[in-house]
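Here is the structure we will look at, set down as structure tokens.
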Amino acid sequence: MTALTVATFNINGIRSRLPALLAWLERERPDIVCLQELKCPDEAFPQAAIEAAGYGALWHGQKSWNGVAILARGMTPLESRRGLPGDADDSHSRYLEAAAHGLIVGCLYLPNGNPQPGPKFDYKLAWFERLIAHAQGLLDSGHPVVLAGDYNVVPTDELDIYSPRSWKKDALLQPESRAAWQRLLAQGWTDALRHLHPDARIYTFWDYFRQRWERDAGLRIDHLLLSPALAPRLREAGVDRWVRGEPKASDHAPTWMRLGA
DNA sequence: ATGTCCTGGATACCAGGA
């Protein structure tokens, strides 16, 4: 086994953000990348540019919204699942799973759920239940698994958000969202960033509104979870904040962890 | 309520989503 960097990045439109993605890949050279919010139909995915950067890719896109991809440096990931089980009528492209560099990687874009209450929030919670059910199966397999992506959940009011005041009614902070997150973790998953930095304020998303980047008014909603088989390899984790400060940046920054050999 | 930025459809802006 070799050391690996695994990252997740909500890119908010892969076509308009392709130069930013390529610059980040070149500078940080992650081994595995989970991307969300491609906002791009399958036929328009920029495969050639990503391959030229040294990455094989799988993608599950759709027109206008959602869309997830898994990149692996020097290889093409081997797809194991496209879409979460449990609802044949769910047309959103929000889950993709593959084997790469000796890991099973689940890349997810959990529904935002706003406004709440309402049908979008119900969809979020139902999607979360399907994720929890599927995650249990992954744990039962005993394989080394990473579940990475935009969970659209701020785990706590204290270290995961600059101030909860103006977000109290937001779907990202609701008790139901947080309870689902806690039930997922209670299966045995390790929240990589929080595990290594138990007392640090960590943000991965800064809203475009109201100069929230300039004020460092962020939220931690992009998460990397490790299965018990993999947790002993966790060495480092962080957020590539420099990406958020570039011109025309996504509202999220890449979030990563380093696994030892 | 406000603010910004993406996509797509039909225009020289708007709607929908986040």
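Ordered as shown in the structure tokens, chains take letters A, B, and onward, while each chain numbers its residues from 1 and ligands are numbered from 1 in the order shown.
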Task: Close residues, range 14-17 of chain A itself excluded, 12 Å, only C-alpha atoms (C1' of nucleotides), min 6 positions apart in chain, as a PyMOL selection string - done: (chain A and resi 23-24+35-47+49-50+59+61-62+64-69+243-244+246-252) or (chain B and resi 5-7)
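For chain A, the residues no farther than 6 Å from chain B when using only C-alpha atoms (C1' of nucleotides) are Ser64, Tyr208, Phe209 and Arg210 of chain A.
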TODO: Name the residues in contact with Val6 in chain A at a cut-off of 8 Å, using only C-alpha atoms (C1' of nucleotides), excluding same-chain residues fewer than 6 positions from it; report them as a ChimeraX atom specification.
DONE: /A:30-33,256-259
Which residues are close to range 178-190 of chain A, i.e. within 7 Å by only C-alpha atoms (C1' of nucleotides), leaving aside same-chain residues fewer than 4 positions away? Reply as a PDB file with N, CA, C and O atoms, in the first residue's frame.
```pdb
ATOM      1  N   PHE A 128     -31.040  10.694   2.818  1.00  0.00           N
ATOM      2  CA  PHE A 128     -30.125  10.396   3.916  1.00  0.00           C
ATOM      3  C   PHE A 128     -30.372   8.983   4.449  1.00  0.00           C
ATOM      4  O   PHE A 128     -29.425   8.227   4.726  1.00  0.00           O
ATOM      5  N   ILE A 132     -27.715   5.934   4.619  1.00  0.00           N
ATOM      6  CA  ILE A 132     -27.392   5.198   5.847  1.00  0.00           C
ATOM      7  C   ILE A 132     -27.536   3.696   5.614  1.00  0.00           C
ATOM      8  O   ILE A 132     -26.680   2.902   6.038  1.00  0.00           O
ATOM      9  N   GLN A 136     -24.292   1.015   5.643  1.00  0.00           N
ATOM     10  CA  GLN A 136     -24.182  -0.161   6.513  1.00  0.00           C
ATOM     11  C   GLN A 136     -23.699  -1.365   5.708  1.00  0.00           C
ATOM     12  O   GLN A 136     -22.861  -2.142   6.178  1.00  0.00           O
ATOM     13  N   VAL A 153     -24.730  19.178   5.516  1.00  0.00           N
ATOM     14  CA  VAL A 153     -25.024  19.173   6.952  1.00  0.00           C
ATOM     15  C   VAL A 153     -23.887  19.885   7.684  1.00  0.00           C
ATOM     16  O   VAL A 153     -22.721  19.543   7.489  1.00  0.00           O
ATOM     17  N   PRO A 155     -22.424  19.930  11.124  1.00  0.00           N
ATOM     18  CA  PRO A 155     -22.613  19.009  12.249  1.00  0.00           C
ATOM     19  C   PRO A 155     -22.930  19.686  13.576  1.00  0.00           C
ATOM     20  O   PRO A 155     -23.751  19.176  14.343  1.00  0.00           O
ATOM     21  N   LEU A 173     -28.811  23.011   9.079  1.00  0.00           N
ATOM     22  CA  LEU A 173     -28.607  23.017  10.525  1.00  0.00           C
ATOM     23  C   LEU A 173     -29.736  22.341  11.298  1.00  0.00           C
ATOM     24  O   LEU A 173     -29.717  22.337  12.535  1.00  0.00           O
ATOM     25  N   GLN A 174     -30.726  21.802  10.612  1.00  0.00           N
ATOM     26  CA  GLN A 174     -31.899  21.282  11.328  1.00  0.00           C
ATOM     27  C   GLN A 174     -31.557  20.056  12.177  1.00  0.00           C
ATOM     28  O   GLN A 174     -30.689  19.261  11.803  1.00  0.00           O
ATOM     29  N   HIS A 195     -11.827  14.407  13.412  1.00  0.00           N
ATOM     30  CA  HIS A 195     -11.035  13.481  14.216  1.00  0.00           C
ATOM     31  C   HIS A 195      -9.623  14.018  14.448  1.00  0.00           C
ATOM     32  O   HIS A 195      -9.095  13.935  15.558  1.00  0.00           O
ATOM     33  N   LEU A 225     -15.468  10.573   5.192  1.00  0.00           N
ATOM     34  CA  LEU A 225     -15.671   9.538   6.207  1.00  0.00           C
ATOM     35  C   LEU A 225     -14.861   8.292   5.848  1.00  0.00           C
ATOM     36  O   LEU A 225     -14.809   7.894   4.679  1.00  0.00           O
ATOM     37  N   LEU A 226     -14.246   7.694   6.890  1.00  0.00           N
ATOM     38  CA  LEU A 226     -13.455   6.482   6.693  1.00  0.00           C
ATOM     39  C   LEU A 226     -14.104   5.307   7.413  1.00  0.00           C
ATOM     40  O   LEU A 226     -14.559   5.449   8.550  1.00  0.00           O
ATOM     41  N   SER A 227     -14.067   4.152   6.775  1.00  0.00           N
ATOM     42  CA  SER A 227     -14.552   2.941   7.432  1.00  0.00           C
ATOM     43  C   SER A 227     -13.513   2.495   8.470  1.00  0.00           C
ATOM     44  O   SER A 227     -12.346   2.902   8.417  1.00  0.00           O
ATOM     45  N   PRO A 228     -13.924   1.662   9.426  1.00  0.00           N
ATOM     46  CA  PRO A 228     -12.987   1.227  10.483  1.00  0.00           C
ATOM     47  C   PRO A 228     -11.730   0.571   9.923  1.00  0.00           C
ATOM     48  O   PRO A 228     -10.642   0.732  10.500  1.00  0.00           O
ATOM     49  N   ALA A 231      -9.504   3.636   8.989  1.00  0.00           N
ATOM     50  CA  ALA A 231      -9.239   4.732   9.935  1.00  0.00           C
ATOM     51  C   ALA A 231      -7.809   4.734  10.473  1.00  0.00           C
ATOM     52  O   ALA A 231      -7.235   5.817  10.662  1.00  0.00           O
TER      53      ALA A 231
END
```
TODO: Mind giving me the straight-line distance from CA of Lys124 in chain A to CA of Leu147 in chain A in Å, one decimal?
DONE: 17.1 Å
Task: Test item, strand (DSSP E) assignment across range 19-202 of chain A, answer as a VMD selection string - done: chain A and resid 32 to 36 55 to 60 68 to 73 78 to 82 95 to 100 103 to 109 145 to 150 190 to 191
Skipping near chain neighbours, those fewer than 4 positions away, what residues fall within 8 Å of His134 in chain A using only C-alpha atoms (C1' of nucleotides), listed as a tab-separated table (two decimals) with C-alpha atoms, in the first residue's frame?
```
chain	number	residue	atom	x	y	z
A	84	LEU	CA	-28.13	5.05	-4.43
A	85	PRO	CA	-30.40	2.03	-4.11
A	130	ARG	CA	-31.05	5.50	1.80
A	138	LEU	CA	-20.40	-1.06	2.79
```
- [ ] Quick one: pick out all alpha helix (DSSP H) residues within range 91-205 of chain A from a backbone DSSP run and write them as JSON, numbers by chain.
- [x] {"A": [119, 120, 121, 122, 123, 124, 125, 126, 127, 128, 129, 130, 131, 132, 133, 134, 135, 136, 137, 138, 139, 140, 141, 175, 176, 177, 178, 179, 180, 181, 182, 183, 184, 185, 186, 192, 193, 194, 195, 196]}
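Atom to atom, CA of Arg29 in chain A and CA of Met75 in chain A stand 13.6 Å apart.
Going from CA of Phe9 in chain A over to CA of Pro117 in chain A, you cover 27.5 Å.
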Open item on the list: For a quick check of understanding, using only C-alpha atoms, which of A:Gly238, A:Gly260, A:Pro77, A:Pro232 has the smallest distance to Ile104 in chain A?
Closed with: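 That would be A:Pro77, the residue with the smallest distance to Ile104 in chain A.
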